[in-house]
>>> print(open('run.cif').read())   # mmCIF, C-alpha atoms
data_protein
loop_
_atom_site.label_atom_id
_atom_site.label_comp_id
_atom_site.auth_asym_id
_atom_site.auth_seq_id
_atom_site.Cartn_x
_atom_site.Cartn_y
_atom_site.Cartn_z
CA MET Q 1 112.54 26.83 -18.00
CA ARG Q 2 116.32 26.95 -18.31
CA SER Q 3 118.25 25.89 -15.26
CA TYR Q 4 120.97 28.15 -13.89
CA GLN Q 5 124.48 27.02 -14.80
CA PRO Q 6 127.12 28.48 -12.48
CA ASP Q 7 130.38 29.78 -13.92
CA LEU Q 8 132.98 27.31 -12.65
CA THR Q 9 135.97 29.09 -14.26
CA PRO Q 10 138.65 29.67 -11.60
CA PRO Q 11 139.02 33.38 -10.74
CA TRP Q 12 142.66 33.42 -11.78
CA LYS Q 13 141.72 32.30 -15.31
CA LYS Q 14 139.08 34.97 -15.85
CA SER Q 15 140.12 38.00 -17.91
CA ALA Q 16 139.75 41.24 -16.03
CA PRO Q 17 137.41 43.64 -17.81
CA ALA Q 18 139.31 46.23 -19.79
CA PRO Q 19 138.53 49.88 -19.07
CA GLU Q 20 136.51 51.67 -21.74
CA VAL Q 21 138.25 54.72 -23.18
CA PRO Q 22 136.55 57.25 -25.50
CA ALA Q 23 138.30 57.31 -28.89
CA GLU Q 24 138.74 61.06 -28.96
CA PRO Q 25 140.77 62.84 -31.67
CA ASP Q 26 144.56 62.77 -31.10
CA LEU Q 27 144.38 59.95 -28.55
CA VAL Q 28 147.44 57.77 -29.28
CA VAL Q 29 146.89 54.01 -28.97
CA GLU Q 30 148.41 50.77 -30.25
CA GLU Q 31 146.29 48.13 -31.96
CA ALA Q 32 146.81 44.94 -29.95
CA VAL Q 33 147.14 42.46 -32.83
CA THR Q 34 149.20 44.32 -35.43
CA GLY Q 35 151.14 46.67 -33.14
CA PHE Q 36 150.17 49.64 -35.34
CA CYS Q 37 150.50 52.80 -33.24
CA GLY Q 38 148.80 56.06 -34.13
CA ALA Q 39 146.55 58.93 -33.19
CA VAL Q 40 142.79 58.69 -33.50
CA ILE Q 41 141.53 60.53 -36.58
CA ARG Q 42 137.85 59.57 -36.56
CA CYS Q 43 135.27 56.97 -35.54
CA GLU Q 44 132.64 55.62 -37.90
CA LYS Q 45 129.60 53.32 -37.83
CA THR Q 46 129.74 50.46 -40.34
CA ALA Q 47 127.60 47.41 -41.08
CA GLU Q 48 130.17 45.28 -39.23
CA GLY Q 49 130.25 47.60 -36.22
CA PRO Q 50 132.09 50.75 -35.13
CA THR Q 51 135.60 51.38 -36.48
CA VAL Q 52 138.39 53.77 -35.60
CA THR Q 53 140.94 55.29 -38.00
CA LEU Q 54 144.49 55.76 -36.69
CA GLU Q 55 147.28 57.84 -38.22
CA ASP Q 56 150.91 57.07 -37.42
CA ARG Q 57 153.79 59.56 -37.27
CA PHE Q 58 154.47 59.10 -40.97
CA GLY Q 59 150.93 59.96 -42.06
CA LYS Q 60 149.83 56.36 -42.77
CA HIS Q 61 146.17 55.62 -42.00
CA ARG Q 62 144.75 52.27 -40.83
CA VAL Q 63 141.14 51.40 -39.97
CA PHE Q 64 140.44 48.94 -37.14
CA PRO Q 65 137.26 47.53 -35.57
CA MET Q 66 136.63 48.83 -32.07
CA ALA Q 67 136.75 45.32 -30.59
CA PRO Q 68 136.74 44.69 -26.83
CA ARG Q 69 140.29 44.67 -25.41
CA GLY Q 70 141.51 45.58 -28.88
CA PHE Q 71 143.99 48.37 -28.07
CA LEU Q 72 146.81 49.35 -25.74
CA LEU Q 73 146.93 52.77 -24.10
CA GLU Q 74 150.27 53.51 -22.44
CA GLY Q 75 150.81 49.75 -22.17
CA ARG Q 76 147.37 48.95 -20.69
CA VAL Q 77 144.76 46.90 -22.52
CA VAL Q 78 141.65 49.01 -23.16
CA THR Q 79 138.41 48.91 -25.09
CA LEU Q 80 137.87 51.93 -27.33
CA VAL Q 81 134.34 53.31 -27.45
CA ARG Q 82 132.79 56.11 -29.45
CA PRO Q 83 133.22 59.45 -27.63
CA SER Q 84 130.10 61.07 -26.31
CA ALA Q 85 129.14 64.57 -27.38
CA GLY Q 86 130.66 67.14 -25.09
CA GLY Q 87 133.16 64.66 -23.68
CA PRO Q 88 136.46 65.69 -22.10
CA VAL Q 89 139.01 67.34 -24.34
CA ARG Q 90 142.15 65.30 -25.04
CA PRO Q 91 145.53 66.84 -24.28
CA ALA Q 92 146.82 69.13 -27.01
CA ARG Q 93 149.81 67.99 -29.04
CA THR Q 94 152.92 69.71 -30.25
CA ALA Q 95 153.76 70.02 -33.93
CA SER Q 96 155.90 66.87 -33.61
CA GLY Q 97 152.95 64.82 -32.32
CA SER Q 98 154.08 64.74 -28.68
CA VAL Q 99 151.66 65.48 -25.85
CA ALA Q 100 151.93 69.17 -25.02
CA VAL Q 101 152.87 70.10 -21.46
CA PRO Q 102 150.97 73.30 -20.58
CA GLY Q 103 153.09 75.82 -18.72
CA ALA Q 104 156.25 73.75 -19.02
CA ARG Q 105 159.42 75.77 -18.58
CA ALA Q 106 162.38 75.34 -20.89
CA ARG Q 107 165.07 73.14 -19.42
CA VAL Q 108 168.56 74.51 -18.93
CA ALA Q 109 170.50 73.71 -22.10
CA ARG Q 110 172.34 70.39 -22.15
CA ALA Q 111 175.99 70.14 -23.06
CA GLY Q 112 174.94 67.98 -26.02
CA ARG Q 113 173.96 69.60 -29.28
CA ILE Q 114 172.36 68.87 -32.62
CA TYR Q 115 174.11 70.36 -35.65
CA VAL Q 116 172.35 70.80 -38.98
CA GLU Q 117 173.80 71.98 -42.27
CA GLY Q 118 172.06 75.30 -42.82
CA ARG Q 119 169.66 77.91 -41.55
CA HIS Q 120 166.68 76.44 -43.40
CA ASP Q 121 167.29 73.05 -41.77
CA ALA Q 122 167.43 74.70 -38.34
CA GLU Q 123 164.23 76.66 -38.95
CA LEU Q 124 162.36 73.55 -40.08
CA VAL Q 125 163.51 71.54 -37.05
CA GLU Q 126 162.50 74.42 -34.78
CA ARG Q 127 159.07 74.67 -36.39
CA VAL Q 128 158.19 71.02 -35.82
CA TRP Q 129 160.28 69.99 -32.79
CA GLY Q 130 160.83 73.34 -31.07
CA ASP Q 131 158.58 72.65 -28.07
CA ASP Q 132 160.15 69.23 -27.52
CA LEU Q 133 163.68 70.58 -27.80
CA ARG Q 134 163.07 73.30 -25.20
CA ILE Q 135 161.61 70.82 -22.72
CA GLU Q 136 164.58 68.50 -23.28
CA GLY Q 137 167.12 71.35 -23.17
CA VAL Q 138 168.55 70.56 -26.61
CA VAL Q 139 170.08 73.35 -28.67
CA VAL Q 140 170.17 73.15 -32.49
CA GLU Q 141 172.94 75.00 -34.35
CA TYR Q 142 173.61 75.28 -38.06
CA LEU Q 143 177.00 74.88 -39.72
CA GLU Q 144 176.69 76.37 -43.23
CA GLY Q 145 177.89 73.09 -44.71
CA ILE Q 146 179.78 70.04 -43.45
CA ASP Q 147 183.02 70.19 -45.43
CA ASP Q 148 184.94 70.68 -42.16
CA LEU Q 149 182.84 68.25 -40.09
CA PRO Q 150 185.74 66.19 -38.64
CA ALA Q 151 187.42 69.35 -37.35
CA ILE Q 152 184.11 70.68 -36.02
CA VAL Q 153 183.57 67.44 -34.10
CA ARG Q 154 187.08 67.58 -32.60
CA GLU Q 155 186.52 71.17 -31.50
CA PHE Q 156 183.22 70.23 -29.87
CA SER Q 157 184.99 67.52 -27.80
CA PRO Q 158 182.03 65.13 -27.46
CA GLY Q 159 181.74 62.83 -24.46
CA PRO Q 160 179.16 60.67 -22.62
CA ASP Q 161 177.66 63.79 -21.01
CA ALA Q 162 177.95 65.89 -24.17
CA ARG Q 163 176.76 63.88 -27.14
CA LEU Q 164 176.67 65.43 -30.57
CA GLY Q 165 174.09 64.67 -33.25
CA VAL Q 166 174.56 65.81 -36.85
CA LEU Q 167 171.88 65.95 -39.55
CA VAL Q 168 173.26 65.86 -43.09
CA ASP Q 169 171.54 66.64 -46.39
CA HIS Q 170 171.92 64.19 -49.31
CA LEU Q 171 173.47 61.43 -47.22
CA VAL Q 172 173.37 58.68 -49.85
CA THR Q 173 175.91 56.07 -50.90
CA GLY Q 174 178.74 57.54 -52.94
CA SER Q 175 177.94 61.19 -52.23
CA LYS Q 176 180.49 63.71 -50.99
CA GLU Q 177 178.45 63.98 -47.80
CA SER Q 178 178.69 60.23 -47.14
CA ARG Q 179 182.49 60.31 -47.50
CA ILE Q 180 182.77 63.18 -45.03
CA ALA Q 181 180.39 61.52 -42.55
CA ALA Q 182 182.43 58.30 -42.67
CA GLN Q 183 185.42 60.19 -41.24
CA VAL Q 184 183.56 60.73 -37.95
CA THR Q 185 184.02 57.62 -35.80
CA ASP Q 186 183.55 58.93 -32.26
CA GLY Q 187 180.99 56.81 -30.38
CA ASN Q 188 179.55 59.94 -28.76
CA VAL Q 189 178.67 61.39 -32.16
CA LEU Q 190 175.76 60.26 -34.33
CA VAL Q 191 175.71 61.41 -37.95
CA VAL Q 192 172.48 60.68 -39.81
CA GLY Q 193 170.93 62.15 -42.91
CA HIS Q 194 168.13 62.20 -45.41
CA PRO Q 195 168.38 61.48 -49.14
CA TYR Q 196 167.22 64.89 -50.37
CA ILE Q 197 169.50 67.37 -52.12
CA ASP Q 198 168.14 70.08 -49.85
CA VAL Q 199 165.83 70.11 -46.84
CA TRP Q 200 163.20 71.85 -49.02
CA GLU Q 201 162.46 68.43 -50.53
CA ALA Q 202 161.72 66.97 -47.10
CA VAL Q 203 158.46 68.98 -47.09
CA LYS Q 204 155.68 67.04 -48.76
CA PRO Q 205 154.77 68.57 -52.16
CA SER Q 206 151.08 68.26 -51.33
CA SER Q 207 151.58 70.51 -48.29
CA VAL Q 208 153.27 73.15 -50.44
CA GLY Q 209 150.54 72.88 -53.07
CA ILE Q 210 152.67 71.49 -55.88
CA GLY Q 211 152.53 68.21 -57.78
CA GLY Q 212 156.13 67.31 -56.95
CA TRP Q 213 159.61 68.73 -56.52
CA PRO Q 214 161.13 69.40 -59.95
CA VAL Q 215 164.30 67.75 -61.20
CA VAL Q 216 166.97 70.43 -61.63
CA PRO Q 217 169.73 69.70 -64.20
CA ARG Q 218 173.21 69.21 -62.79
CA GLY Q 219 175.30 72.36 -62.81
CA GLN Q 220 172.41 74.66 -61.91
CA ASP Q 221 171.82 76.12 -58.48
CA TRP Q 222 169.20 73.74 -57.14
CA LYS Q 223 167.04 76.25 -55.25
CA THR Q 224 167.04 78.75 -58.10
CA GLY Q 225 166.20 75.94 -60.50
CA VAL Q 226 163.26 74.90 -58.32
CA CYS Q 227 161.88 78.44 -58.31
CA ARG Q 228 162.30 78.69 -62.08
CA SER Q 229 160.61 75.34 -62.74
CA LEU Q 230 157.67 76.14 -60.48
CA GLY Q 231 157.20 79.61 -61.93
CA TRP Q 232 158.03 81.29 -58.63
CA PRO Q 233 160.07 84.52 -58.45
CA GLU Q 234 163.76 83.58 -58.35
CA ASN Q 235 164.08 84.74 -54.77
CA THR Q 236 165.14 81.71 -52.72
CA GLY Q 237 164.59 83.48 -49.39
CA ALA Q 238 160.96 84.27 -50.25
CA ALA Q 239 160.50 80.77 -51.66
CA TRP Q 240 161.70 79.22 -48.41
CA GLN Q 241 159.30 81.32 -46.37
CA ARG Q 242 156.51 80.11 -48.62
CA ILE Q 243 157.57 76.50 -48.03
CA LEU Q 244 158.11 76.91 -44.29
CA SER Q 245 154.70 78.53 -43.81
CA SER Q 246 153.08 75.41 -45.30
CA VAL Q 247 154.50 73.23 -42.49
CA ARG Q 248 152.08 72.99 -39.59
CA SER Q 249 153.10 69.66 -38.05
CA TYR Q 250 155.06 66.46 -38.62
CA ARG Q 251 152.33 65.38 -41.05
CA ASP Q 252 153.76 67.86 -43.58
CA LEU Q 253 157.21 66.23 -43.60
CA GLU Q 254 158.55 63.14 -45.33
CA PRO Q 255 159.30 60.09 -43.14
CA GLU Q 256 162.96 60.12 -44.19
CA LEU Q 257 163.45 63.35 -42.26
CA LEU Q 258 161.08 62.61 -39.39
CA GLY Q 259 162.84 59.44 -38.33
CA ARG Q 260 166.30 60.95 -38.48
CA VAL Q 261 165.47 63.99 -36.31
CA GLU Q 262 163.72 61.80 -33.72
CA GLU Q 263 166.79 59.56 -33.71
CA LEU Q 264 169.09 62.50 -33.03
CA ILE Q 265 166.93 63.85 -30.20
CA ASP Q 266 166.89 60.42 -28.55
CA PHE Q 267 170.66 60.10 -28.94
CA VAL Q 268 171.63 63.42 -27.36
CA THR Q 269 169.14 63.06 -24.47
CA LEU Q 270 170.12 59.51 -23.42
CA PRO Q 271 171.51 59.37 -19.87
CA ALA Q 272 175.27 59.01 -19.73
#
>>> encode(input="run.cif", output="structure tokens")
Amino acid sequence: MRSYQPDLTPPWKKSAPAPEVPAEPDLVVEEAVTGFCGAVIRCEKTAEGPTVTLEDRFGKHRVFPMAPRGFLLEGRVVTLVRPSAGGPVRPARTASGSVAVPGARARVARAGRIYVEGRHDAELVERVWGDDLRIEGVVVEYLEGIDDLPAIVREFSPGPDARLGVLVDHLVTGSKESRIAAQVTDGNVLVVGHPYIDVWEAVKPSSVGIGGWPVVPRGQDWKTGVCRSLGWPENTGAAWQRILSSVRSYRDLEPELLGRVEELIDFVTLPA
């Protein structure tokens, strides 16, 4: 008969049990060892034990064992467990991946603004980040090009309580856009951009149902050339509606655009 061996570990050295949290779809957690943060996609049984698949904001998937104390939820250590059938429904999420706030009223518009180059850019930002922008009180306006950006910035008169964020297409080293952006040096203005010739390319080809965005020879109108190469009617307005309708959430956009828009929203909403 085995004798009873008391646990002599001091109370202050004992790890407190971590709460068990059902790994329900869309629950956002951070894996404790790697720091990978993402939303739960699915749970599976394996020979080594249960696993959970997480998807980050850029669409990358990682599979992790559901180890005790293996994850952080809003900064707290937790143990993920398989959700039970008929369990509670997780909060819905906006198209940008943020937790939706049911019944939230739009905030009065801030003095700060986000400027984008064209109407298509503005419509794409609205489609994915519209709910977030209304809650934050951020207005997005389009400029029809940035050739006069320095003058536009001066007219806006940015300040600590009225920051200005600008999203630029084709902001790569040596481009015309990069030379114009370099002329803006006000600390209350943030100019960022993506590498694509047009915001159309920031939509993942797989979401649109094409193998890839075609290369259009220099000298041709890029959008018309895209339509021609893909065998679409050469109606760029109709083509854009086709592309825009394929965007359901941030998962349909390339990381190079996602990160820049998030950066602008953070910049214009920072306290003075």
>>> atom_distance(input="run.cif", atom1="CA of Val138 in chain Q", atom2="CA of Val153 in chain Q")
17.1 Å
>>> residues_near_point(input="run.cif", point="(173.4, 73.3, -42.4)", cutoff="12 Å", atoms="all atoms listed in the file", output="number ranges by chain")
Q: 114-125, 140-149, 166-170, 177, 193, 198-199
>>> closest_residue(input="run.cif", among="Q:Thr224, Q:Asn188, Q:Ser175, Q:Gln183", to="Pro271 in chain Q", atoms="all atoms listed in the file")
Q:Asn188
>>> residues_near_point(input="run.cif", point="(135.1, 54.5, -37.1)", cutoff="10 Å", atoms="only C-alpha atoms", output="JSON, numbers by chain")
{"Q": [23, 40, 41, 42, 43, 44, 45, 46, 49, 50, 51, 52, 53, 54, 63, 64, 65, 66, 81, 82]}
>>> atom_distance(input="run.cif", atom1="CA of Glu31 in chain Q", atom2="CA of Arg251 in chain Q")
20.4 Å
>>> closest_residue(input="run.cif", among="Q:Gly187, Q:Val29, Q:Asp252, Q:Gly259", to="Leu73 in chain Q", atoms="all atoms listed in the file")
Q:Val29
>>> residues_around(input="run.cif", residues="Val203 in chain Q", least_positions_apart="5", cutoff="8 Å", atoms="all atoms listed in the file", output="list in words")
Val208, Ile243, Val247, Asp252, Leu253 and Glu254 of chain Q
>>> resolve_selection(input="run.cif", expression="the PyMOL selection byres ((chain Q and resi 262) around 12)", output="compact mmCIF listing (two decimals) with C-alpha atoms, in the coordinates of the input")
# COMPACT_ATOMS: atom_id res chain seq x y z
CA ARG Q 57 153.79 59.56 -37.27
CA SER Q 96 155.90 66.87 -33.61
CA GLY Q 97 152.95 64.82 -32.32
CA SER Q 98 154.08 64.74 -28.68
CA ILE Q 114 172.36 68.87 -32.62
CA VAL Q 125 163.51 71.54 -37.05
CA VAL Q 128 158.19 71.02 -35.82
CA TRP Q 129 160.28 69.99 -32.79
CA ASP Q 132 160.15 69.23 -27.52
CA LEU Q 133 163.68 70.58 -27.80
CA GLY Q 165 174.09 64.67 -33.25
CA VAL Q 166 174.56 65.81 -36.85
CA LEU Q 167 171.88 65.95 -39.55
CA VAL Q 192 172.48 60.68 -39.81
CA GLY Q 193 170.93 62.15 -42.91
CA TYR Q 250 155.06 66.46 -38.62
CA PRO Q 255 159.30 60.09 -43.14
CA GLU Q 256 162.96 60.12 -44.19
CA LEU Q 257 163.45 63.35 -42.26
CA LEU Q 258 161.08 62.61 -39.39
CA GLY Q 259 162.84 59.44 -38.33
CA ARG Q 260 166.30 60.95 -38.48
CA VAL Q 261 165.47 63.99 -36.31
CA GLU Q 263 166.79 59.56 -33.71
CA LEU Q 264 169.09 62.50 -33.03
CA ILE Q 265 166.93 63.85 -30.20
CA ASP Q 266 166.89 60.42 -28.55
CA PHE Q 267 170.66 60.10 -28.94
CA VAL Q 268 171.63 63.42 -27.36
CA THR Q 269 169.14 63.06 -24.47
>>> residues_around(input="run.cif", residues="Glu234 in chain Q", least_positions_apart="6", cutoff="9 Å", atoms="all atoms listed in the file", output="number ranges by chain")
Q: 223-228
>>> residues_around(input="run.cif", residues="Pro68 in chain Q", least_positions_apart="3", cutoff="10 Å", atoms="only C-alpha atoms", output="PDB file with C-alpha atoms, keeping the file's coordinate frame")
ATOM      1  CA  PRO Q  17     137.410  43.640 -17.810  1.00  0.00           C
ATOM      2  CA  ALA Q  18     139.310  46.230 -19.790  1.00  0.00           C
ATOM      3  CA  PRO Q  19     138.530  49.880 -19.070  1.00  0.00           C
ATOM      4  CA  GLU Q  20     136.510  51.670 -21.740  1.00  0.00           C
ATOM      5  CA  PRO Q  65     137.260  47.530 -35.570  1.00  0.00           C
ATOM      6  CA  PHE Q  71     143.990  48.370 -28.070  1.00  0.00           C
ATOM      7  CA  VAL Q  77     144.760  46.900 -22.520  1.00  0.00           C
ATOM      8  CA  VAL Q  78     141.650  49.010 -23.160  1.00  0.00           C
ATOM      9  CA  THR Q  79     138.410  48.910 -25.090  1.00  0.00           C
ATOM     10  CA  LEU Q  80     137.870  51.930 -27.330  1.00  0.00           C
ATOM     11  CA  VAL Q  81     134.340  53.310 -27.450  1.00  0.00           C
TER      12      VAL Q  81
END
>>> atom_distance(input="run.cif", atom1="CA of Pro217 in chain Q", atom2="CA of Leu230 in chain Q")
14.2 Å
>>> closest_residue(input="run.cif", among="Q:Gly38, Q:Pro22, Q:Gly159, Q:Gly231", to="Lys60 in chain Q", atoms="all atoms listed in the file")
Q:Gly38
>>> resolve_selection(input="run.cif", expression="the PyMOL selection byres ((chain Q and resi 157) around 12)", output="MDAnalysis selection string")
chainID Q and resid 111:113 150:156 158:164 186:189
>>> write_last_selection(input="run.cif", atoms="C-alpha atoms", output="mmCIF file, in the frame of the given file")
data_model
loop_
_atom_site.group_PDB
_atom_site.id
_atom_site.type_symbol
_atom_site.label_atom_id
_atom_site.label_comp_id
_atom_site.auth_asym_id
_atom_site.auth_seq_id
_atom_site.Cartn_x
_atom_site.Cartn_y
_atom_site.Cartn_z
ATOM 1 C CA ALA Q 111 175.990 70.140 -23.060
ATOM 2 C CA GLY Q 112 174.940 67.980 -26.020
ATOM 3 C CA ARG Q 113 173.960 69.600 -29.280
ATOM 4 C CA PRO Q 150 185.740 66.190 -38.640
ATOM 5 C CA ALA Q 151 187.420 69.350 -37.350
ATOM 6 C CA ILE Q 152 184.110 70.680 -36.020
ATOM 7 C CA VAL Q 153 183.570 67.440 -34.100
ATOM 8 C CA ARG Q 154 187.080 67.580 -32.600
ATOM 9 C CA GLU Q 155 186.520 71.170 -31.500
ATOM 10 C CA PHE Q 156 183.220 70.230 -29.870
ATOM 11 C CA PRO Q 158 182.030 65.130 -27.460
ATOM 12 C CA GLY Q 159 181.740 62.830 -24.460
ATOM 13 C CA PRO Q 160 179.160 60.670 -22.620
ATOM 14 C CA ASP Q 161 177.660 63.790 -21.010
ATOM 15 C CA ALA Q 162 177.950 65.890 -24.170
ATOM 16 C CA ARG Q 163 176.760 63.880 -27.140
ATOM 17 C CA LEU Q 164 176.670 65.430 -30.570
ATOM 18 C CA ASP Q 186 183.550 58.930 -32.260
ATOM 19 C CA GLY Q 187 180.990 56.810 -30.380
ATOM 20 C CA ASN Q 188 179.550 59.940 -28.760
ATOM 21 C CA VAL Q 189 178.670 61.390 -32.160
#
>>> closest_residue(input="run.cif", among="Q:Ala202, Q:Ala47, Q:Ala39, Q:Ile210", to="Pro25 in chain Q", atoms="only C-alpha atoms")
Q:Ala39
>>> closest_residue(input="run.cif", among="Q:Ser229, Q:His61, Q:Arg76, Q:Ser245", to="Gly212 in chain Q", atoms="all atoms listed in the file")
Q:Ser229
>>> closest_residue(input="run.cif", among="Q:Glu126, Q:Val28, Q:Glu48, Q:Glu74", to="Ser249 in chain Q", atoms="only C-alpha atoms")
Q:Glu126
>>> axis_aligned_box(input="run.cif", around="range 78-83 of chain Q", padding_each_side="8 Å", output="AutoDock Vina command-line options")
--center_x 137.2 --center_y 54.2 --center_z -26.3 --size_x 24.9 --size_y 26.5 --size_z 22.3
>>> decode(input="run.cif", residues="range 127-138 of chain Q", atoms="N, CA and C atoms", output="PDB file, in the first residue's frame")
ATOM      1  N   ARG Q 127     -15.656  49.129 -47.429  1.00  0.00           N
ATOM      2  CA  ARG Q 127     -16.208  47.769 -47.402  1.00  0.00           C
ATOM      3  C   ARG Q 127     -15.613  46.939 -46.264  1.00  0.00           C
ATOM      4  N   VAL Q 128     -14.321  47.104 -46.013  1.00  0.00           N
ATOM      5  CA  VAL Q 128     -13.655  46.275 -45.009  1.00  0.00           C
ATOM      6  C   VAL Q 128     -13.610  46.952 -43.641  1.00  0.00           C
ATOM      7  N   TRP Q 129     -13.367  48.251 -43.618  1.00  0.00           N
ATOM      8  CA  TRP Q 129     -13.173  48.940 -42.329  1.00  0.00           C
ATOM      9  C   TRP Q 129     -14.324  49.888 -41.980  1.00  0.00           C
ATOM     10  N   GLY Q 130     -15.391  49.871 -42.742  1.00  0.00           N
ATOM     11  CA  GLY Q 130     -16.460  50.845 -42.534  1.00  0.00           C
ATOM     12  C   GLY Q 130     -17.016  50.867 -41.126  1.00  0.00           C
ATOM     13  N   ASP Q 131     -17.299  49.692 -40.552  1.00  0.00           N
ATOM     14  CA  ASP Q 131     -17.854  49.643 -39.193  1.00  0.00           C
ATOM     15  C   ASP Q 131     -16.882  50.238 -38.182  1.00  0.00           C
ATOM     16  N   ASP Q 132     -15.602  49.901 -38.321  1.00  0.00           N
ATOM     17  CA  ASP Q 132     -14.591  50.418 -37.404  1.00  0.00           C
ATOM     18  C   ASP Q 132     -14.472  51.940 -37.514  1.00  0.00           C
ATOM     19  N   LEU Q 133     -14.493  52.430 -38.748  1.00  0.00           N
ATOM     20  CA  LEU Q 133     -14.322  53.864 -38.967  1.00  0.00           C
ATOM     21  C   LEU Q 133     -15.475  54.657 -38.371  1.00  0.00           C
ATOM     22  N   ARG Q 134     -16.694  54.136 -38.466  1.00  0.00           N
ATOM     23  CA  ARG Q 134     -17.840  54.857 -37.902  1.00  0.00           C
ATOM     24  C   ARG Q 134     -17.767  54.896 -36.375  1.00  0.00           C
ATOM     25  N   ILE Q 135     -17.358  53.782 -35.769  1.00  0.00           N
ATOM     26  CA  ILE Q 135     -17.235  53.761 -34.316  1.00  0.00           C
ATOM     27  C   ILE Q 135     -16.143  54.725 -33.850  1.00  0.00           C
ATOM     28  N   GLU Q 136     -15.054  54.811 -34.629  1.00  0.00           N
ATOM     29  CA  GLU Q 136     -13.950  55.705 -34.273  1.00  0.00           C
ATOM     30  C   GLU Q 136     -14.188  57.147 -34.714  1.00  0.00           C
ATOM     31  N   GLY Q 137     -15.193  57.385 -35.551  1.00  0.00           N
ATOM     32  CA  GLY Q 137     -15.465  58.743 -36.018  1.00  0.00           C
ATOM     33  C   GLY Q 137     -14.461  59.237 -37.043  1.00  0.00           C
ATOM     34  N   VAL Q 138     -13.948  58.325 -37.867  1.00  0.00           N
ATOM     35  CA  VAL Q 138     -12.948  58.687 -38.873  1.00  0.00           C
ATOM     36  C   VAL Q 138     -13.608  58.760 -40.244  1.00  0.00           C
TER      37      VAL Q 138
END
